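Note: the block below is structure.cif and it holds mmCIF, C-alpha atoms.
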data_run
loop_
_atom_site.label_atom_id
_atom_site.label_comp_id
_atom_site.auth_asym_id
_atom_site.auth_seq_id
_atom_site.Cartn_x
_atom_site.Cartn_y
_atom_site.Cartn_z
CA MET A 24 102.32 117.51 80.26
CA LEU A 25 100.09 114.49 80.79
CA ILE A 26 98.65 112.39 77.96
CA LEU A 27 95.22 110.88 78.68
CA LEU A 28 94.51 107.64 76.83
CA PRO A 29 91.62 105.19 76.74
CA PRO A 30 92.41 101.52 77.26
CA SER A 31 92.17 99.18 74.30
CA GLU A 32 89.03 97.07 74.16
CA GLY A 33 91.11 94.04 73.20
CA LYS A 34 94.01 93.17 75.49
CA THR A 35 97.02 90.87 75.40
CA PRO A 36 96.99 88.48 78.39
CA ALA A 37 100.22 87.86 80.26
CA THR A 38 101.27 84.21 80.00
CA SER A 39 103.11 84.06 83.32
CA GLY A 40 103.94 86.13 86.35
CA ASP A 41 102.39 87.22 89.61
CA ALA A 42 98.79 88.33 89.92
CA VAL A 43 97.83 91.97 90.29
CA ASP A 44 98.80 93.60 93.58
CA PRO A 45 96.28 96.40 94.15
CA ALA A 46 98.57 98.03 96.70
CA SER A 47 101.21 98.56 94.00
CA LEU A 48 98.94 100.43 91.58
CA SER A 49 99.14 104.16 91.10
CA PHE A 50 96.50 106.30 92.82
CA PRO A 51 95.89 104.01 95.84
CA ALA A 52 92.96 106.20 96.93
CA LEU A 53 91.01 104.39 94.19
CA ASN A 54 91.62 100.90 95.62
CA THR A 55 88.32 100.66 97.51
CA TYR A 56 86.43 101.50 94.33
CA ARG A 57 88.57 99.19 92.21
CA ALA A 58 87.71 96.32 94.57
CA LYS A 59 84.01 97.06 94.25
CA VAL A 60 84.12 97.06 90.44
CA LEU A 61 86.30 93.94 90.40
CA GLU A 62 83.83 92.04 92.59
CA ALA A 63 80.84 93.16 90.55
CA LEU A 64 82.59 92.25 87.30
CA GLY A 65 83.43 88.78 88.58
CA THR A 66 79.82 88.20 89.63
CA VAL A 67 78.38 89.37 86.30
CA SER A 68 80.96 87.40 84.30
CA ALA A 69 79.92 84.17 86.05
CA HIS A 70 76.24 84.71 85.15
CA GLU A 71 74.71 82.57 82.43
CA ASP A 72 73.81 85.76 80.54
CA ALA A 73 77.26 87.31 81.05
CA LEU A 74 77.87 88.01 77.36
CA ALA A 75 74.64 89.96 77.03
CA LEU A 76 75.13 91.77 80.33
CA LEU A 77 78.60 92.92 79.26
CA GLY A 78 77.50 93.70 75.71
CA VAL A 79 79.94 91.37 73.94
CA GLY A 80 79.63 88.56 71.41
CA ALA A 81 80.24 84.84 71.70
CA SER A 82 83.77 85.17 70.28
CA LEU A 83 84.77 86.89 73.54
CA ARG A 84 83.52 84.14 75.86
CA ALA A 85 87.06 83.25 76.98
CA ASP A 86 87.74 86.90 77.85
CA VAL A 87 84.57 87.05 79.94
CA GLU A 88 85.45 83.79 81.70
CA ARG A 89 88.84 85.30 82.54
CA ASN A 90 86.99 88.11 84.34
CA THR A 91 85.90 85.59 86.99
CA ARG A 92 89.50 84.91 88.12
CA LEU A 93 91.29 88.24 87.74
CA HIS A 94 92.64 88.02 91.29
CA ALA A 95 94.72 85.03 90.19
CA GLU A 96 95.48 85.82 86.53
CA PRO A 97 99.06 86.79 85.62
CA ALA A 98 99.57 90.55 85.41
CA ALA A 99 101.90 92.56 83.19
CA PRO A 100 102.69 96.26 82.74
CA ALA A 101 99.74 98.12 81.25
CA HIS A 102 101.75 99.10 78.17
CA GLN A 103 102.02 95.36 77.34
CA VAL A 104 98.43 94.43 78.15
CA TYR A 105 96.80 97.23 76.15
CA SER A 106 97.02 96.62 72.43
CA GLY A 107 95.27 97.65 69.24
CA VAL A 108 95.49 100.51 66.77
CA LEU A 109 96.27 103.37 69.15
CA TYR A 110 98.84 101.43 71.16
CA ASP A 111 100.49 100.03 68.05
CA ALA A 112 100.92 103.58 66.76
CA LEU A 113 102.39 104.69 70.09
CA GLY A 114 104.86 101.79 69.90
CA TYR A 115 106.09 101.63 73.49
CA ARG A 116 108.41 98.71 72.76
CA THR A 117 110.38 100.71 70.21
CA LEU A 118 110.93 103.73 72.48
CA THR A 119 114.35 104.34 73.94
CA PRO A 120 114.83 103.78 77.70
CA ALA A 121 114.64 107.53 78.29
CA GLN A 122 111.47 107.79 76.21
CA ARG A 123 109.90 104.86 78.07
CA LYS A 124 110.63 106.57 81.37
CA LYS A 125 108.94 109.68 80.02
CA ALA A 126 105.93 107.64 78.89
CA ASP A 127 105.67 105.94 82.29
CA GLY A 128 105.46 109.34 83.94
CA SER A 129 103.39 111.18 81.33
CA VAL A 130 100.64 108.75 80.27
CA LEU A 131 97.45 108.16 82.25
CA VAL A 132 95.06 105.44 81.09
CA ILE A 133 91.45 105.95 82.16
CA SER A 134 90.08 102.46 82.80
CA ALA A 135 86.63 101.01 83.41
CA LEU A 136 88.08 98.53 85.92
CA TRP A 137 90.96 100.42 87.55
CA GLY A 138 89.79 104.03 87.26
CA ALA A 139 93.19 105.41 86.29
CA ILE A 140 96.57 103.72 85.97
CA ARG A 141 100.01 104.45 84.60
CA PHE A 142 101.90 102.48 81.96
CA ALA A 143 104.14 100.69 84.47
CA ASP A 144 101.24 99.44 86.62
CA ARG A 145 100.89 95.66 86.37
CA VAL A 146 97.35 94.49 85.57
CA PRO A 147 95.74 91.36 84.08
CA ALA A 148 93.88 91.34 80.79
CA TYR A 149 90.15 91.90 81.31
CA ARG A 150 87.00 92.64 79.35
CA LEU A 151 84.96 95.63 80.49
CA SER A 152 83.90 98.84 78.77
CA MET A 153 83.27 102.19 80.43
CA GLY A 154 79.81 102.20 78.85
CA THR A 155 78.76 99.15 80.89
CA ALA A 156 76.47 99.18 83.93
CA LEU A 157 77.22 96.69 86.72
CA PRO A 158 74.97 95.61 89.62
CA ASP A 159 75.59 97.61 92.82
CA VAL A 160 77.90 99.90 90.85
CA GLY A 161 75.77 101.36 88.09
CA ARG A 162 77.07 102.88 84.88
CA LEU A 163 80.80 102.96 85.20
CA ALA A 164 81.37 106.43 83.76
CA SER A 165 79.08 107.88 86.42
CA PHE A 166 80.64 105.71 89.14
CA TRP A 167 84.19 106.79 88.39
CA LYS A 168 83.65 110.49 87.71
CA PRO A 169 83.66 111.79 91.32
CA GLN A 170 86.39 109.35 92.35
CA LEU A 171 88.73 110.37 89.53
CA THR A 172 88.05 114.06 90.05
CA GLU A 173 89.31 113.77 93.61
CA ALA A 174 92.11 111.25 93.09
CA LEU A 175 93.67 112.98 90.07
CA ALA A 176 93.44 116.58 91.28
CA ALA A 177 96.96 116.72 92.69
CA VAL A 178 98.74 114.95 89.83
CA THR A 179 97.09 117.11 87.16
CA GLU A 180 97.56 120.47 88.89
CA GLY A 181 99.47 122.85 86.64
CA GLU A 182 99.88 120.27 83.86
CA LEU A 183 98.82 120.56 80.23
CA LEU A 184 96.44 117.65 79.63
CA VAL A 185 96.45 116.18 76.12
CA ASP A 186 93.16 114.31 75.99
CA CYS A 187 93.28 111.45 73.48
CA ARG A 188 90.36 109.55 75.00
CA SER A 189 87.28 108.42 73.11
CA SER A 190 83.96 109.96 74.13
CA THR A 191 83.04 106.84 76.15
CA TYR A 192 86.06 107.26 78.40
CA ALA A 193 85.98 111.05 78.42
CA ALA A 194 82.58 110.74 80.14
CA ALA A 195 84.28 109.19 83.19
CA TRP A 196 86.28 112.29 84.12
CA ALA A 197 86.20 115.94 83.10
CA PRO A 198 89.62 117.45 83.90
CA PRO A 199 89.97 121.22 84.37
CA ALA A 200 88.92 122.75 81.05
CA GLY A 201 91.48 125.55 80.99
CA GLN A 202 94.43 123.17 80.97
CA THR A 203 92.90 120.45 78.78
CA VAL A 204 93.14 120.00 75.00
CA ALA A 205 90.88 117.38 73.43
CA VAL A 206 92.30 115.84 70.25
CA ASN A 207 90.03 115.37 67.25
CA VAL A 208 91.01 113.83 63.92
CA PHE A 209 89.44 114.55 60.52
CA THR A 210 90.06 113.72 56.91
CA GLU A 211 89.50 116.49 54.41
CA VAL A 212 88.69 116.28 50.71
CA GLY A 213 87.70 119.35 48.72
CA GLY A 214 87.23 121.38 51.88
CA VAL A 215 84.81 118.84 53.38
CA ARG A 216 85.84 117.26 56.67
CA LYS A 217 84.81 113.86 57.98
CA VAL A 218 85.43 112.18 61.33
CA VAL A 219 87.11 108.79 60.94
CA SER A 220 87.26 106.46 63.93
CA HIS A 221 90.00 104.05 62.78
CA PHE A 222 92.39 106.76 61.65
CA ALA A 223 91.53 108.79 64.73
CA LYS A 224 92.81 106.00 66.99
CA HIS A 225 95.97 105.60 64.96
CA THR A 226 96.61 109.33 64.78
CA ARG A 227 96.07 109.86 68.50
CA GLY A 228 98.57 107.09 69.18
CA ALA A 229 101.01 108.65 66.72
CA LEU A 230 100.56 112.05 68.37
CA ALA A 231 101.32 110.53 71.77
CA ARG A 232 104.46 108.95 70.34
CA HIS A 233 105.52 112.24 68.74
CA LEU A 234 105.11 114.09 72.02
CA LEU A 235 107.16 111.44 73.84
CA THR A 236 109.97 111.28 71.28
CA ARG A 237 110.42 114.82 69.97
CA ARG A 238 113.35 116.84 71.19
CA GLY A 239 112.98 119.86 73.38
CA LYS A 240 110.67 120.68 76.25
CA ALA A 241 107.22 119.17 76.44
CA PRO A 242 104.41 121.56 75.48
CA GLN A 243 103.13 123.57 78.43
CA THR A 244 100.31 125.50 76.75
CA PRO A 245 97.64 124.65 74.16
CA GLU A 246 99.43 126.80 71.57
CA GLN A 247 102.72 125.03 72.20
CA LEU A 248 100.88 121.73 71.72
CA ARG A 249 99.49 122.94 68.39
CA HIS A 250 102.98 123.95 67.32
CA ALA A 251 104.36 120.51 68.25
CA ALA A 252 101.54 118.73 66.40
CA ALA A 253 102.11 120.93 63.34
CA GLU A 254 105.57 119.39 63.03
CA LYS A 255 103.81 116.31 61.60
CA TRP A 256 100.20 117.20 60.77
CA THR A 257 98.01 120.03 59.62
CA ALA A 258 96.87 121.24 63.03
CA GLU A 259 94.49 123.91 64.25
CA LEU A 260 93.60 124.97 67.76
CA VAL A 261 90.08 125.93 68.79
CA GLY A 262 89.97 127.86 72.05
CA GLY A 263 87.92 126.57 74.93
CA THR A 264 85.78 128.25 77.56
CA ALA A 265 85.61 128.14 81.33
CA ARG A 266 83.75 124.83 81.05
CA LYS A 267 84.78 123.50 77.64
CA PRO A 268 88.35 122.34 76.91
CA HIS A 269 90.44 123.56 74.02
CA THR A 270 90.35 121.39 70.92
CA LEU A 271 93.26 120.36 68.72
CA ASN A 272 92.05 119.36 65.27
CA LEU A 273 94.43 117.20 63.26
CA ILE A 274 93.55 117.18 59.57
CA LEU A 275 94.55 114.20 57.43
CA PRO A 276 94.43 114.26 53.64
CA GLY A 277 91.51 112.16 52.44
CA GLN A 278 91.07 110.12 49.30
CA PRO A 279 88.79 111.56 46.59
CA GLY A 280 85.57 109.62 46.24
#

Starting from the coordinates I provided, produce the structure as structure tokens.
Amino acid sequence: MLILLPPSEGKTPATSGDAVDPASLSFPALNTYRAKVLEALGTVSAHEDALALLGVGASLRADVERNTRLHAEPAAPAHQVYSGVLYDALGYRTLTPAQRKKADGSVLVISALWGAIRFADRVPAYRLSMGTALPDVGRLASFWKPQLTEALAAVTEGELLVDCRSSTYAAAWAPPAGQTVAVNVFTEVGGVRKVVSHFAKHTRGALARHLLTRRGKAPQTPEQLRHAAAEKWTAELVGGTARKPHTLNLILPGQPG
């Protein structure tokens, strides 16, 4: 089983330590492409219109300035750098050593800057969304899609893929549909379902934690995943097709209006 996560938009910078060593990152076949994105990001971030070009507000100016010196910024394990609702719900710091080892081997983060990394990979905090287009690179989802398809083929072969990515990051790589289960989250009141973005992030993080901490073997089929999710949520499985992944719908009780 592999759990696919998006990065957090906000990140926690390391305060000390060595800079990123690209040679130490997982999936070294991506290093040439990582270098190209890193260079383009640094160039854009130094531009006078950097905030507009990266689609962020003035409150993130310091984050954008950091983009210009990522080669020298302190790096930390990805599970420390990525923060926010989903990662708080996953709660890496409160896992046992055995559960952390499982997370390090089971979680793949699909990143606009790095393509794909694992939790133990050491990276600096950065500001870049997969929906961004960079000069000489283009829209990042389109740039990464063929590279990730090739680089991740071996590691995903035969694995159940639990896809907790947002649509923005799902656009960067379409894993084999037959072995992939996309996770959706709804609230339901009076038989009416609504998609909720905040609770979706939290619930996807909580599902990842549940899969990493529950006893027994990891799910190996979509139905086994539904059964595991049903230990904590109302869960239903919608079958996929040759081109469309399965879908796991997690239903949360809503509040009457």

Name every residue that the PyMOL selection byres ((chain A and resi 244-256) around 7) selects in this structure, writing the answer as a PyMOL selection string with chains first and numbers rising. chain A and resi 183+204+242-243+257-260+271+273-274

Store the residues picked out above in a file with C-alpha atoms, as a PDB file, keeping the file's coordinate frame.
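Output (selection05.pdb):
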ATOM      1  CA  LEU A 183      98.820 120.560  80.230  1.00  0.00           C
ATOM      2  CA  VAL A 204      93.140 120.000  75.000  1.00  0.00           C
ATOM      3  CA  PRO A 242     104.410 121.560  75.480  1.00  0.00           C
ATOM      4  CA  GLN A 243     103.130 123.570  78.430  1.00  0.00           C
ATOM      5  CA  THR A 257      98.010 120.030  59.620  1.00  0.00           C
ATOM      6  CA  ALA A 258      96.870 121.240  63.030  1.00  0.00           C
ATOM      7  CA  GLU A 259      94.490 123.910  64.250  1.00  0.00           C
ATOM      8  CA  LEU A 260      93.600 124.970  67.760  1.00  0.00           C
ATOM      9  CA  LEU A 271      93.260 120.360  68.720  1.00  0.00           C
ATOM     10  CA  LEU A 273      94.430 117.200  63.260  1.00  0.00           C
ATOM     11  CA  ILE A 274      93.550 117.180  59.570  1.00  0.00           C
TER      12      ILE A 274
END

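A straight line drawn from atom CA of A:Asp72 to atom CA of A:Gly107 is 27.0 Å long.
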
The PyMOL selection byres ((chain A and resi 60) around 9) on the file shown: which residues, as a list in words?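 Selection result, ordered by chain and number: Thr55, Tyr56, Arg57, Ala58, Lys59, Leu61, Glu62, Ala63, Leu64, Gly65, Ala135, Leu136, Trp137, Leu157, Asp159, Val160 and Leu163 of chain A.
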
Could you spell out the hits of the PyMOL selection byres ((chain A and resi 171) around 12) on the shown file, as an NGL selection string? :A and (50-54 or 56-57 or 131-135 or 137-140 or 163-170 or 172-179 or 192-198)

Suppose you want the space between atom CA of A:Gly128 and atom CA of A:Ala37; what is it in Å? 22.4 Å

I need the residue nearest A:Ser106 from this list: A:Lys217, A:Arg162, A:Lys224, A:His94. Use all atoms listed in the file for the distance. A:Lys224

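Atom to atom, atom CA of A:Gly201 and atom CA of A:His269 stand 7.3 Å apart.
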
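Across A:Lys125, A:Arg150, A:Val208, A:Glu32, the tightest approach to A:Lys240 is made by A:Lys125 when counting all atoms listed in the file.
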
Would you kindly identify which residues have an atom no farther than 12 Å from (87.3, 124.0, 80.8), using all atoms listed in the file and the file's own coordinates, and write them out as a PyMOL selection string? chain A and resi 184+197-205+262-270
